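So this one's upload_18.cif, mmCIF, C-alpha atoms:
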```
data_data
loop_
_atom_site.group_PDB
_atom_site.id
_atom_site.type_symbol
_atom_site.label_atom_id
_atom_site.label_comp_id
_atom_site.auth_asym_id
_atom_site.auth_seq_id
_atom_site.Cartn_x
_atom_site.Cartn_y
_atom_site.Cartn_z
ATOM 1 C CA MET A 1 22.963 8.285 11.191
ATOM 2 C CA LYS A 2 22.494 6.053 14.210
ATOM 3 C CA ASP A 3 24.556 2.907 14.295
ATOM 4 C CA PHE A 4 22.659 -0.051 15.712
ATOM 5 C CA GLY A 5 25.687 -2.339 15.888
ATOM 6 C CA ARG A 6 26.416 -5.636 14.198
ATOM 7 C CA ASN A 7 22.915 -7.058 14.672
ATOM 8 C CA GLY A 8 21.136 -3.924 13.458
ATOM 9 C CA TRP A 9 17.899 -2.572 14.869
ATOM 10 C CA THR A 10 15.613 -5.057 16.662
ATOM 11 C CA PRO A 11 12.284 -4.637 18.517
ATOM 12 C CA ASP A 12 14.075 -5.106 21.874
ATOM 13 C CA ARG A 13 14.698 -1.359 21.588
ATOM 14 C CA ILE A 14 10.963 -0.572 21.801
ATOM 15 C CA SER A 15 9.958 0.570 25.271
ATOM 16 C CA ASP A 16 6.477 0.424 26.822
ATOM 17 C CA LEU A 17 3.922 1.836 24.358
ATOM 18 C CA ASN A 18 0.979 2.136 26.738
ATOM 19 C CA GLY A 19 -1.223 5.064 25.768
ATOM 20 C CA GLN A 20 0.158 5.236 22.218
ATOM 21 C CA THR A 21 -1.890 4.599 19.070
ATOM 22 C CA PHE A 22 -0.605 3.131 15.802
ATOM 23 C CA VAL A 23 -2.616 2.886 12.583
ATOM 24 C CA ILE A 24 -1.488 0.185 10.136
ATOM 25 C CA THR A 25 -2.749 -0.695 6.664
ATOM 26 C CA GLY A 26 -2.732 -4.372 5.668
ATOM 27 C CA THR A 27 -2.424 -6.401 8.875
ATOM 28 C CA THR A 28 -4.053 -9.734 8.034
ATOM 29 C CA SER A 29 -0.748 -11.332 6.994
ATOM 30 C CA GLY A 30 2.945 -10.752 6.402
ATOM 31 C CA THR A 31 4.886 -7.775 7.705
ATOM 32 C CA GLY A 32 1.745 -5.825 8.673
ATOM 33 C CA PHE A 33 0.538 -8.672 10.876
ATOM 34 C CA GLU A 34 3.960 -8.965 12.545
ATOM 35 C CA ALA A 35 4.186 -5.200 13.103
ATOM 36 C CA ALA A 36 0.724 -5.182 14.718
ATOM 37 C CA ARG A 37 1.616 -8.161 16.904
ATOM 38 C CA ILE A 38 4.860 -6.615 18.158
ATOM 39 C CA LEU A 39 3.287 -3.197 18.849
ATOM 40 C CA LEU A 40 0.388 -4.811 20.726
ATOM 41 C CA SER A 41 2.853 -6.893 22.759
ATOM 42 C CA LYS A 42 4.429 -3.589 23.908
ATOM 43 C CA GLY A 43 1.076 -2.250 25.136
ATOM 44 C CA ALA A 44 0.092 -0.061 22.154
ATOM 45 C CA LYS A 45 -3.393 0.440 20.752
ATOM 46 C CA VAL A 46 -3.447 -0.691 17.105
ATOM 47 C CA VAL A 47 -5.984 0.420 14.512
ATOM 48 C CA MET A 48 -6.018 -2.181 11.740
ATOM 49 C CA LEU A 49 -7.151 -1.089 8.275
ATOM 50 C CA ASN A 50 -7.995 -4.008 5.995
ATOM 51 C CA ARG A 51 -10.144 -4.637 2.946
ATOM 52 C CA ASN A 52 -11.609 -7.947 4.146
ATOM 53 C CA PRO A 53 -13.654 -7.772 7.415
ATOM 54 C CA LYS A 54 -13.676 -11.582 7.859
ATOM 55 C CA LYS A 55 -9.858 -11.765 7.658
ATOM 56 C CA SER A 56 -9.638 -8.835 10.106
ATOM 57 C CA GLU A 57 -11.824 -10.703 12.598
ATOM 58 C CA ASP A 58 -9.711 -13.844 12.241
ATOM 59 C CA THR A 59 -6.540 -11.783 12.726
ATOM 60 C CA THR A 60 -7.956 -10.231 15.914
ATOM 61 C CA LYS A 61 -8.780 -13.708 17.251
ATOM 62 C CA THR A 62 -5.276 -14.959 16.441
ATOM 63 C CA LEU A 63 -3.670 -11.964 18.152
ATOM 64 C CA LYS A 64 -5.878 -12.314 21.239
ATOM 65 C CA GLN A 65 -4.991 -16.010 21.501
ATOM 66 C CA ALA A 66 -1.305 -15.097 21.324
ATOM 67 C CA LEU A 67 -1.267 -11.980 23.509
ATOM 68 C CA GLY A 68 -4.371 -12.148 25.715
ATOM 69 C CA GLU A 69 -7.925 -10.827 25.549
ATOM 70 C CA ASN A 70 -7.046 -7.360 26.830
ATOM 71 C CA ILE A 71 -5.060 -6.122 23.843
ATOM 72 C CA ASP A 72 -6.454 -2.909 22.366
ATOM 73 C CA ILE A 73 -7.404 -3.430 18.705
ATOM 74 C CA LEU A 74 -9.747 -1.396 16.560
ATOM 75 C CA ASN A 75 -10.706 -2.861 13.163
ATOM 76 C CA ILE A 76 -11.841 -0.525 10.404
ATOM 77 C CA GLN A 77 -12.740 -1.719 6.918
ATOM 78 C CA MET A 78 -10.898 0.096 4.122
ATOM 79 C CA ASP A 79 -10.132 -0.625 0.491
ATOM 80 C CA LEU A 80 -7.110 1.377 -0.693
ATOM 81 C CA ALA A 81 -8.264 0.873 -4.289
ATOM 82 C CA GLU A 82 -11.305 3.094 -3.657
ATOM 83 C CA GLN A 83 -10.811 6.726 -2.703
ATOM 84 C CA ALA A 84 -14.327 6.863 -1.213
ATOM 85 C CA SER A 85 -13.513 3.887 1.036
ATOM 86 C CA VAL A 86 -10.259 5.548 2.187
ATOM 87 C CA ARG A 87 -12.081 8.773 3.032
ATOM 88 C CA LYS A 88 -14.813 6.897 4.892
ATOM 89 C CA ALA A 89 -12.244 4.921 6.928
ATOM 90 C CA ALA A 90 -10.250 8.075 7.714
ATOM 91 C CA ALA A 91 -13.437 9.815 8.909
ATOM 92 C CA GLU A 92 -14.184 6.829 11.167
ATOM 93 C CA ILE A 93 -10.665 6.941 12.641
ATOM 94 C CA ILE A 94 -10.978 10.684 13.291
ATOM 95 C CA GLU A 95 -14.252 9.994 15.092
ATOM 96 C CA LYS A 96 -12.931 7.114 17.235
ATOM 97 C CA VAL A 97 -9.280 7.986 17.938
ATOM 98 C CA SER A 98 -8.009 11.154 19.611
ATOM 99 C CA SER A 99 -4.418 11.095 18.329
ATOM 100 C CA ILE A 100 -2.070 8.982 16.189
ATOM 101 C CA ASP A 101 1.544 8.334 17.198
ATOM 102 C CA ALA A 102 2.382 6.669 13.887
ATOM 103 C CA LEU A 103 0.557 5.851 10.680
ATOM 104 C CA ILE A 104 2.267 2.879 9.006
ATOM 105 C CA CYS A 105 1.437 2.599 5.292
ATOM 106 C CA ASN A 106 2.245 -1.068 4.873
ATOM 107 C CA ALA A 107 -0.399 -2.570 2.535
ATOM 108 C CA ALA A 108 0.454 -3.040 -1.130
ATOM 109 C CA ILE A 109 -0.315 -4.940 -4.278
ATOM 110 C CA ALA A 110 2.517 -6.037 -6.540
ATOM 111 C CA GLN A 111 3.315 -7.285 -10.045
ATOM 112 C CA VAL A 112 -0.289 -7.209 -11.308
ATOM 113 C CA PRO A 113 0.100 -9.223 -14.560
ATOM 114 C CA SER A 114 -2.218 -7.225 -16.834
ATOM 115 C CA ARG A 115 -3.267 -3.594 -16.621
ATOM 116 C CA LYS A 116 -6.224 -2.995 -14.341
ATOM 117 C CA LEU A 117 -7.877 0.259 -13.316
ATOM 118 C CA THR A 118 -9.386 1.141 -9.941
ATOM 119 C CA VAL A 119 -12.951 2.496 -9.721
ATOM 120 C CA ASP A 120 -11.403 5.991 -9.753
ATOM 121 C CA GLY A 121 -9.625 5.275 -13.054
ATOM 122 C CA PHE A 122 -6.101 4.856 -11.647
ATOM 123 C CA GLU A 123 -3.708 2.104 -12.731
ATOM 124 C CA SER A 124 -4.255 -0.405 -9.917
ATOM 125 C CA GLN A 125 -0.774 -0.440 -8.362
ATOM 126 C CA LEU A 126 -0.445 3.345 -8.417
ATOM 127 C CA GLY A 127 -4.025 3.651 -7.157
ATOM 128 C CA VAL A 128 -3.586 1.283 -4.209
ATOM 129 C CA ASN A 129 0.034 1.771 -3.214
ATOM 130 C CA HIS A 130 0.392 5.513 -3.774
ATOM 131 C CA TYR A 131 -2.920 7.369 -4.211
ATOM 132 C CA GLY A 132 -4.784 5.344 -1.555
ATOM 133 C CA HIS A 133 -2.079 6.010 1.026
ATOM 134 C CA PHE A 134 -1.629 9.640 -0.099
ATOM 135 C CA THR A 135 -5.282 10.379 0.709
ATOM 136 C CA LEU A 136 -5.132 8.465 3.993
ATOM 137 C CA GLN A 137 -1.998 10.334 5.114
ATOM 138 C CA GLY A 138 -3.471 13.705 4.171
ATOM 139 C CA MET A 139 -6.762 13.103 5.955
ATOM 140 C CA LEU A 140 -5.128 11.775 9.119
ATOM 141 C CA PHE A 141 -2.411 14.448 9.162
ATOM 142 C CA PRO A 142 -4.188 16.665 11.751
ATOM 143 C CA LEU A 143 -4.382 13.736 14.225
ATOM 144 C CA ILE A 144 -0.725 12.873 13.599
ATOM 145 C CA GLU A 145 0.280 16.505 14.035
ATOM 146 C CA LYS A 146 -1.661 16.672 17.296
ATOM 147 C CA SER A 147 0.553 13.996 18.882
ATOM 148 C CA LYS A 148 3.763 15.091 17.081
ATOM 149 C CA GLY A 149 3.557 11.706 15.426
ATOM 150 C CA ARG A 150 5.014 9.995 12.386
ATOM 151 C CA ILE A 151 4.094 8.857 8.910
ATOM 152 C CA VAL A 152 5.917 5.713 7.831
ATOM 153 C CA THR A 153 5.797 4.535 4.237
ATOM 154 C CA VAL A 154 6.805 0.969 3.474
ATOM 155 C CA GLY A 155 8.398 1.214 0.049
ATOM 156 C CA SER A 156 10.322 -1.450 -1.822
ATOM 157 C CA MET A 157 13.675 -1.956 -3.516
ATOM 158 C CA GLY A 158 11.406 -2.151 -6.566
ATOM 159 C CA TYR A 159 11.691 1.652 -6.695
ATOM 160 C CA ASP A 160 15.006 1.019 -8.480
ATOM 161 C CA MET A 161 13.877 -1.721 -10.855
ATOM 162 C CA GLY A 162 11.676 0.024 -13.419
ATOM 163 C CA LEU A 163 11.854 3.266 -15.410
ATOM 164 C CA LYS A 164 13.329 5.082 -12.377
ATOM 165 C CA THR A 165 11.088 8.097 -12.829
ATOM 166 C CA ILE A 166 7.396 9.011 -12.858
ATOM 167 C CA LYS A 167 5.824 8.640 -16.289
ATOM 168 C CA PHE A 168 3.771 11.839 -16.105
ATOM 169 C CA ASP A 169 2.712 11.725 -19.767
ATOM 170 C CA ASP A 170 1.140 8.277 -19.231
ATOM 171 C CA ILE A 171 1.014 7.727 -15.482
ATOM 172 C CA HIS A 172 -1.719 5.061 -15.795
ATOM 173 C CA TRP A 173 0.116 3.033 -18.471
ATOM 174 C CA GLU A 174 -2.318 3.182 -21.362
ATOM 175 C CA LYS A 175 0.723 2.270 -23.477
ATOM 176 C CA ASP A 176 3.556 -0.195 -22.795
ATOM 177 C CA TYR A 177 2.164 -1.632 -19.541
ATOM 178 C CA THR A 178 4.385 -4.121 -17.768
ATOM 179 C CA ALA A 179 3.712 -5.454 -14.279
ATOM 180 C CA ASN A 180 7.199 -4.577 -13.086
ATOM 181 C CA ASN A 181 7.376 -1.029 -14.481
ATOM 182 C CA ALA A 182 3.971 -0.125 -13.066
ATOM 183 C CA TYR A 183 4.802 -1.626 -9.664
ATOM 184 C CA SER A 184 8.175 0.105 -9.633
ATOM 185 C CA GLN A 185 6.571 3.482 -10.425
ATOM 186 C CA SER A 186 4.027 3.042 -7.625
ATOM 187 C CA LYS A 187 6.754 2.305 -5.051
ATOM 188 C CA LEU A 188 8.962 5.137 -6.304
ATOM 189 C CA ALA A 189 5.959 7.476 -6.006
ATOM 190 C CA GLN A 190 5.391 6.410 -2.397
ATOM 191 C CA ILE A 191 9.020 6.966 -1.425
ATOM 192 C CA MET A 192 9.363 10.270 -3.306
ATOM 193 C CA SER A 193 6.270 11.692 -1.653
ATOM 194 C CA ILE A 194 7.764 11.012 1.798
ATOM 195 C CA TYR A 195 10.864 13.082 1.031
ATOM 196 C CA GLU A 196 8.676 15.784 -0.545
ATOM 197 C CA LEU A 197 6.509 15.770 2.591
ATOM 198 C CA GLN A 198 9.636 16.329 4.697
ATOM 199 C CA ASP A 199 10.475 19.396 2.584
ATOM 200 C CA ARG A 200 6.933 20.756 2.915
ATOM 201 C CA LEU A 201 6.930 20.230 6.686
ATOM 202 C CA LYS A 202 10.240 22.102 6.941
ATOM 203 C CA ARG A 203 8.916 25.020 4.908
ATOM 204 C CA ALA A 204 5.741 25.145 7.023
ATOM 205 C CA LYS A 205 7.836 24.933 10.215
ATOM 206 C CA LYS A 206 5.910 21.807 11.238
ATOM 207 C CA THR A 207 8.992 19.726 11.880
ATOM 208 C CA GLU A 208 7.533 17.998 14.934
ATOM 209 C CA VAL A 209 5.782 15.617 12.536
ATOM 210 C CA LYS A 210 8.286 13.114 11.136
ATOM 211 C CA ALA A 211 8.066 11.192 7.853
ATOM 212 C CA TYR A 212 10.079 8.071 7.084
ATOM 213 C CA ALA A 213 10.656 5.773 4.117
ATOM 214 C CA CYS A 214 11.670 2.129 4.612
ATOM 215 C CA HIS A 215 11.311 -1.263 2.939
ATOM 216 C CA PRO A 216 11.030 -4.878 4.158
ATOM 217 C CA GLY A 217 13.778 -6.398 2.014
ATOM 218 C CA SER A 218 12.958 -9.775 0.547
ATOM 219 C CA SER A 219 10.497 -11.194 3.069
ATOM 220 C CA ARG A 220 8.424 -14.342 2.940
ATOM 221 C CA THR A 221 4.950 -12.808 2.655
ATOM 222 C CA SER A 222 1.886 -13.430 0.495
ATOM 223 C CA LEU A 223 2.361 -10.206 -1.512
ATOM 224 C CA ILE A 224 3.360 -11.817 -4.821
ATOM 225 C CA THR A 225 1.031 -14.802 -4.404
ATOM 226 C CA THR A 226 -1.889 -12.401 -3.897
ATOM 227 C CA SER A 227 -1.486 -10.277 -7.001
ATOM 228 C CA GLY A 228 1.439 -11.552 -9.118
ATOM 229 C CA SER A 229 1.352 -13.587 -12.336
ATOM 230 C CA LEU A 230 1.818 -17.365 -12.348
ATOM 231 C CA MET A 231 5.459 -16.940 -13.427
ATOM 232 C CA MET A 232 6.207 -14.400 -10.671
ATOM 233 C CA ARG A 233 4.577 -16.689 -8.115
ATOM 234 C CA PHE A 234 6.708 -19.582 -9.309
ATOM 235 C CA ILE A 235 9.942 -17.536 -9.166
ATOM 236 C CA PHE A 236 9.122 -16.122 -5.743
ATOM 237 C CA GLY A 237 8.096 -19.580 -4.526
ATOM 238 C CA LEU A 238 11.608 -20.811 -5.381
ATOM 239 C CA MET A 239 13.209 -17.731 -3.824
ATOM 240 C CA LYS A 240 11.391 -18.378 -0.549
ATOM 241 C CA LEU A 241 13.426 -21.553 -0.199
ATOM 242 C CA SER A 242 16.730 -19.711 -0.598
ATOM 243 C CA PRO A 243 18.903 -17.725 1.836
ATOM 244 C CA LEU A 244 17.974 -14.604 -0.170
ATOM 245 C CA THR A 245 14.734 -14.240 1.789
ATOM 246 C CA GLN A 246 13.925 -13.637 5.440
ATOM 247 C CA SER A 247 10.916 -14.096 7.721
ATOM 248 C CA ALA A 248 7.932 -11.723 7.639
ATOM 249 C CA GLU A 249 8.776 -10.833 11.242
ATOM 250 C CA LYS A 250 12.217 -9.559 10.222
ATOM 251 C CA GLY A 251 10.576 -7.801 7.283
ATOM 252 C CA ALA A 252 8.508 -5.835 9.824
ATOM 253 C CA TYR A 253 11.570 -4.465 11.662
ATOM 254 C CA PRO A 254 12.207 -1.464 9.365
ATOM 255 C CA GLN A 255 8.647 -0.128 9.707
ATOM 256 C CA LEU A 256 8.703 -0.720 13.478
ATOM 257 C CA MET A 257 12.008 1.123 13.744
ATOM 258 C CA CYS A 258 10.672 4.082 11.773
ATOM 259 C CA ALA A 259 7.501 4.156 13.883
ATOM 260 C CA THR A 260 9.172 3.995 17.312
ATOM 261 C CA GLU A 261 12.924 4.722 17.350
ATOM 262 C CA LYS A 262 13.737 8.088 18.963
ATOM 263 C CA ASP A 263 15.831 10.684 17.094
ATOM 264 C CA LEU A 264 15.909 8.710 13.841
ATOM 265 C CA ASP A 265 17.262 10.718 10.904
ATOM 266 C CA GLN A 266 14.470 11.319 8.385
ATOM 267 C CA SER A 267 16.821 11.630 5.434
ATOM 268 C CA GLY A 268 17.675 7.918 5.656
ATOM 269 C CA PHE A 269 16.160 5.010 3.765
ATOM 270 C CA TYR A 270 15.767 2.070 6.131
ATOM 271 C CA GLY A 271 15.797 -1.668 5.549
ATOM 272 C CA PRO A 272 18.056 -4.742 5.621
ATOM 273 C CA THR A 273 21.709 -3.793 5.085
ATOM 274 C CA GLY A 274 22.983 -7.220 3.942
ATOM 275 C CA ARG A 275 23.137 -8.790 0.490
ATOM 276 C CA SER A 276 21.544 -6.434 -2.107
ATOM 277 C CA ASN A 277 19.558 -4.964 0.825
ATOM 278 C CA TRP A 278 17.321 -8.035 0.646
ATOM 279 C CA VAL A 279 18.269 -9.546 4.013
ATOM 280 C CA GLY A 280 20.512 -8.781 6.967
ATOM 281 C CA PRO A 281 20.704 -6.406 9.943
ATOM 282 C CA VAL A 282 18.266 -3.478 9.768
ATOM 283 C CA GLY A 283 19.558 0.075 9.488
ATOM 284 C CA ALA A 284 20.023 2.967 7.047
ATOM 285 C CA HIS A 285 21.433 2.306 3.602
ATOM 286 C CA PRO A 286 21.972 4.358 0.440
ATOM 287 C CA ILE A 287 19.086 5.338 -1.804
ATOM 288 C CA LYS A 288 19.558 6.167 -5.486
ATOM 289 C CA PRO A 289 19.447 9.879 -6.435
ATOM 290 C CA HIS A 290 16.367 9.464 -8.667
ATOM 291 C CA ALA A 291 14.247 8.768 -5.556
ATOM 292 C CA LYS A 292 15.141 12.193 -4.184
ATOM 293 C CA ASP A 293 14.719 14.209 -7.388
ATOM 294 C CA GLN A 294 13.055 17.317 -5.963
ATOM 295 C CA ALA A 295 11.568 18.641 -9.203
ATOM 296 C CA ILE A 296 9.908 15.294 -9.977
ATOM 297 C CA ALA A 297 8.741 14.900 -6.346
ATOM 298 C CA LYS A 298 7.171 18.371 -6.313
ATOM 299 C CA ARG A 299 5.345 17.688 -9.582
ATOM 300 C CA LEU A 300 4.224 14.265 -8.312
ATOM 301 C CA TRP A 301 2.763 15.890 -5.178
ATOM 302 C CA GLU A 302 0.777 18.376 -7.265
ATOM 303 C CA VAL A 303 -0.434 15.614 -9.605
ATOM 304 C CA SER A 304 -1.431 13.486 -6.580
ATOM 305 C CA GLU A 305 -3.398 16.307 -4.937
ATOM 306 C CA LYS A 306 -5.243 16.901 -8.199
ATOM 307 C CA ALA A 307 -5.927 13.190 -8.828
ATOM 308 C CA THR A 308 -7.237 12.528 -5.316
ATOM 309 C CA GLY A 309 -8.939 15.893 -4.859
ATOM 310 C CA LEU A 310 -7.186 16.190 -1.523
ATOM 311 C CA LYS A 311 -5.278 19.346 -0.603
ATOM 312 C CA TRP A 312 -3.097 18.686 2.414
ATOM 313 C CA ASN A 313 -3.520 21.088 5.302
ATOM 314 C CA ILE A 314 0.176 21.846 5.909
#
```

Same coordinates, now as structure tokens:
Amino acid sequence: MKDFGRNGWTPDRISDLNGQTFVITGTTSGTGFEAARILLSKGAKVVMLNRNPKKSEDTTKTLKQALGENIDILNIQMDLAEQASVRKAAAEIIEKVSSIDALICNAAIAQVPSRKLTVDGFESQLGVNHYGHFTLQGMLFPLIEKSKGRIVTVGSMGYDMGLKTIKFDDIHWEKDYTANNAYSQSKLAQIMSIYELQDRLKRAKKTEVKAYACHPGSSRTSLITTSGSLMMRFIFGLMKLSPLTQSAEKGAYPQLMCATEKDLDQSGFYGPTGRSNWVGPVGAHPIKPHAKDQAIAKRLWEVSEKATGLKWNI
């Protein structure tokens, strides 16, 4: 593993990104916005995938005011909760972009207080966080492969806070739904599928494509206020005032590192390395064995292909 020194990884390490294209989900606020801003400031083209076209327009204006009119942004509307919307957005990207240097799967919903289903019949957190991104990654894989690019999944330390496995017999929580368990499963699914993807790429001898799992630590973003219960919002509101949280900009460092840092070990799990991995210098840190359970990951992949109707072309 690379050692980035006492201060950890920072965006100063990113060189000129002219001619490179990055696709990011969820850029209208928080870590996604900061990641887009930093990549654009280094000369990259950024494709922003967001559910709300008005917020996307406002974000573009904000970024142009900050960085100048000439930055290269492409806005495409996409709702991760709808498989049809993901497929439509992916088709539009394929039409408009010739290659992808990194796809950053950043958008998420969290701690949804009562069980909700997506239009496709998936529990909402699993549907948005895992299945939506699974389909997007699979459809964009040929463009990523073309540029020997990367897939970066922004997970969460929540992967270790629920049942710590995939509940295959009731994956959509018809029984015993809790906001935390369902969120935790969705984040574990995202992380597991990255390590499973690595194994599949190795077997297919397609190791020029890299896949990384990271997390933002405890960052001051609107994630909980967007989808969490009143109690969760209250607790997180108090936490934001404490030294146990960090800025959204710092929360973006792990995904930026995974998208740009040369020769980064794929077996790592990247995020803040300080207190409880919530804050602190960014680098690799241990991940619990249940997140790398190969039998569960393989089964999850097969279940995900069946649920989304998408067979990856690896």

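Distances from A:Val279, A:Val23, A:Ile194, A:Ile166 to Ser99 in chain A were compared using only C-alpha atoms, and the smallest one belongs to A:Val23.
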
Take the PyMOL selection byres ((chain A and resi 89) around 10), run it mentally on this structure, and tell me the resulting residues as a PDB file with C-alpha atoms, in the frame of the given file.
```pdb
ATOM      1  CA  LEU A  49      -7.151  -1.089   8.275  1.00  0.00           C
ATOM      2  CA  ASN A  50      -7.995  -4.008   5.995  1.00  0.00           C
ATOM      3  CA  ILE A  76     -11.841  -0.525  10.404  1.00  0.00           C
ATOM      4  CA  GLN A  77     -12.740  -1.719   6.918  1.00  0.00           C
ATOM      5  CA  MET A  78     -10.898   0.096   4.122  1.00  0.00           C
ATOM      6  CA  ASP A  79     -10.132  -0.625   0.491  1.00  0.00           C
ATOM      7  CA  LEU A  80      -7.110   1.377  -0.693  1.00  0.00           C
ATOM      8  CA  GLN A  83     -10.811   6.726  -2.703  1.00  0.00           C
ATOM      9  CA  ALA A  84     -14.327   6.863  -1.213  1.00  0.00           C
ATOM     10  CA  SER A  85     -13.513   3.887   1.036  1.00  0.00           C
ATOM     11  CA  VAL A  86     -10.259   5.548   2.187  1.00  0.00           C
ATOM     12  CA  ARG A  87     -12.081   8.773   3.032  1.00  0.00           C
ATOM     13  CA  LYS A  88     -14.813   6.897   4.892  1.00  0.00           C
ATOM     14  CA  ALA A  90     -10.250   8.075   7.714  1.00  0.00           C
ATOM     15  CA  ALA A  91     -13.437   9.815   8.909  1.00  0.00           C
ATOM     16  CA  GLU A  92     -14.184   6.829  11.167  1.00  0.00           C
ATOM     17  CA  ILE A  93     -10.665   6.941  12.641  1.00  0.00           C
ATOM     18  CA  ILE A  94     -10.978  10.684  13.291  1.00  0.00           C
ATOM     19  CA  GLU A  95     -14.252   9.994  15.092  1.00  0.00           C
ATOM     20  CA  LEU A 136      -5.132   8.465   3.993  1.00  0.00           C
ATOM     21  CA  MET A 139      -6.762  13.103   5.955  1.00  0.00           C
TER      22      MET A 139
END
```

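All residues that come within 10 Å of the coordinates (4.0, 11.0, 7.4), counting all atoms listed in the file, are given as Ala102, Leu103, Ile104, Cys105, Phe134, Gln137, Gly138, Leu140, Phe141, Ile144, Glu145, Gly149, Arg150, Ile151, Val152, Thr153, Ser193, Ile194, Tyr195, Leu197, Gln198, Leu201, Val209, Lys210, Ala211, Tyr212 and Ala213 of chain A.
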
Limited to C-alpha atoms, could you put the picked residues into a file as a JSON list (two decimals), in the coordinates of the input?
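Final output, saved to result-v1.json:
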```
[["chain", "number", "residue", "atom", "x", "y", "z"],
["A", 102, "ALA", "CA", 2.38, 6.67, 13.89],
["A", 103, "LEU", "CA", 0.56, 5.85, 10.68],
["A", 104, "ILE", "CA", 2.27, 2.88, 9.01],
["A", 105, "CYS", "CA", 1.44, 2.60, 5.29],
["A", 134, "PHE", "CA", -1.63, 9.64, -0.10],
["A", 137, "GLN", "CA", -2.00, 10.33, 5.11],
["A", 138, "GLY", "CA", -3.47, 13.70, 4.17],
["A", 140, "LEU", "CA", -5.13, 11.78, 9.12],
["A", 141, "PHE", "CA", -2.41, 14.45, 9.16],
["A", 144, "ILE", "CA", -0.72, 12.87, 13.60],
["A", 145, "GLU", "CA", 0.28, 16.50, 14.04],
["A", 149, "GLY", "CA", 3.56, 11.71, 15.43],
["A", 150, "ARG", "CA", 5.01, 9.99, 12.39],
["A", 151, "ILE", "CA", 4.09, 8.86, 8.91],
["A", 152, "VAL", "CA", 5.92, 5.71, 7.83],
["A", 153, "THR", "CA", 5.80, 4.54, 4.24],
["A", 193, "SER", "CA", 6.27, 11.69, -1.65],
["A", 194, "ILE", "CA", 7.76, 11.01, 1.80],
["A", 195, "TYR", "CA", 10.86, 13.08, 1.03],
["A", 197, "LEU", "CA", 6.51, 15.77, 2.59],
["A", 198, "GLN", "CA", 9.64, 16.33, 4.70],
["A", 201, "LEU", "CA", 6.93, 20.23, 6.69],
["A", 209, "VAL", "CA", 5.78, 15.62, 12.54],
["A", 210, "LYS", "CA", 8.29, 13.11, 11.14],
["A", 211, "ALA", "CA", 8.07, 11.19, 7.85],
["A", 212, "TYR", "CA", 10.08, 8.07, 7.08],
["A", 213, "ALA", "CA", 10.66, 5.77, 4.12]]
```

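Closest approach to Trp301 in chain A among A:Gln190, A:Asn52, A:Asn180, A:Ser15 is made by A:Gln190 (distances from only C-alpha atoms).
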
Do you know which residues the PyMOL selection byres ((chain A and resi 272) around 8) returns on this file, as a VMD selection string?
-> chain A and resid 216 to 217 254 270 to 271 273 to 274 277 to 283

Restricted to C-alpha atoms, what would the selected residues look like written as a compact mmCIF listing (two decimals), in the coordinates of the input?
```
# COMPACT_ATOMS: atom_id res chain seq x y z
CA PRO A 216 11.03 -4.88 4.16
CA GLY A 217 13.78 -6.40 2.01
CA PRO A 254 12.21 -1.46 9.36
CA TYR A 270 15.77 2.07 6.13
CA GLY A 271 15.80 -1.67 5.55
CA THR A 273 21.71 -3.79 5.08
CA GLY A 274 22.98 -7.22 3.94
CA ASN A 277 19.56 -4.96 0.82
CA TRP A 278 17.32 -8.04 0.65
CA VAL A 279 18.27 -9.55 4.01
CA GLY A 280 20.51 -8.78 6.97
CA PRO A 281 20.70 -6.41 9.94
CA VAL A 282 18.27 -3.48 9.77
CA GLY A 283 19.56 0.08 9.49
```

Neighbour list for Leu188 in chain A as a list in words, cut-off 9 Å, only C-alpha atoms, skip fewer than 6 positions in-chain =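 Those residues are His130, Gly155, Ser156, Met157, Gly158, Tyr159, Asp160, Lys164, Thr165, Ile166, His290 and Ala291 of chain A.
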
Let me know the centre plus edge lengths, in Å and rounded to one decimal, of a box with edges along x, y and z that contains all listed atoms of range 117-124 of chain A and is padded by 5 Å on every side, as AutoDock Vina command-line options.
```
--center_x -8.3 --center_y 2.8 --center_z -11.5 --size_x 19.2 --size_y 16.4 --size_z 13.6
```

In Å, with one decimal, what is the gap from CA of Val112 in chain A to CA of Ala179 in chain A?
-> 5.3 Å

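Selection by the PyMOL selection byres ((chain A and resi 19) around 10) on the present file picks out A:Asp16, A:Leu17, A:Asn18, A:Gln20, A:Thr21, A:Gly43, A:Ala44, A:Lys45, A:Asp101.
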
Rank A:Ala107, A:Arg37, A:Asn70, A:Thr60 by their smallest atom-to-atom distance to Thr25 in chain A, using all atoms listed in the file, and report the top residue only.
->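 Under the stated criterion, the closest residue is A:Ala107.
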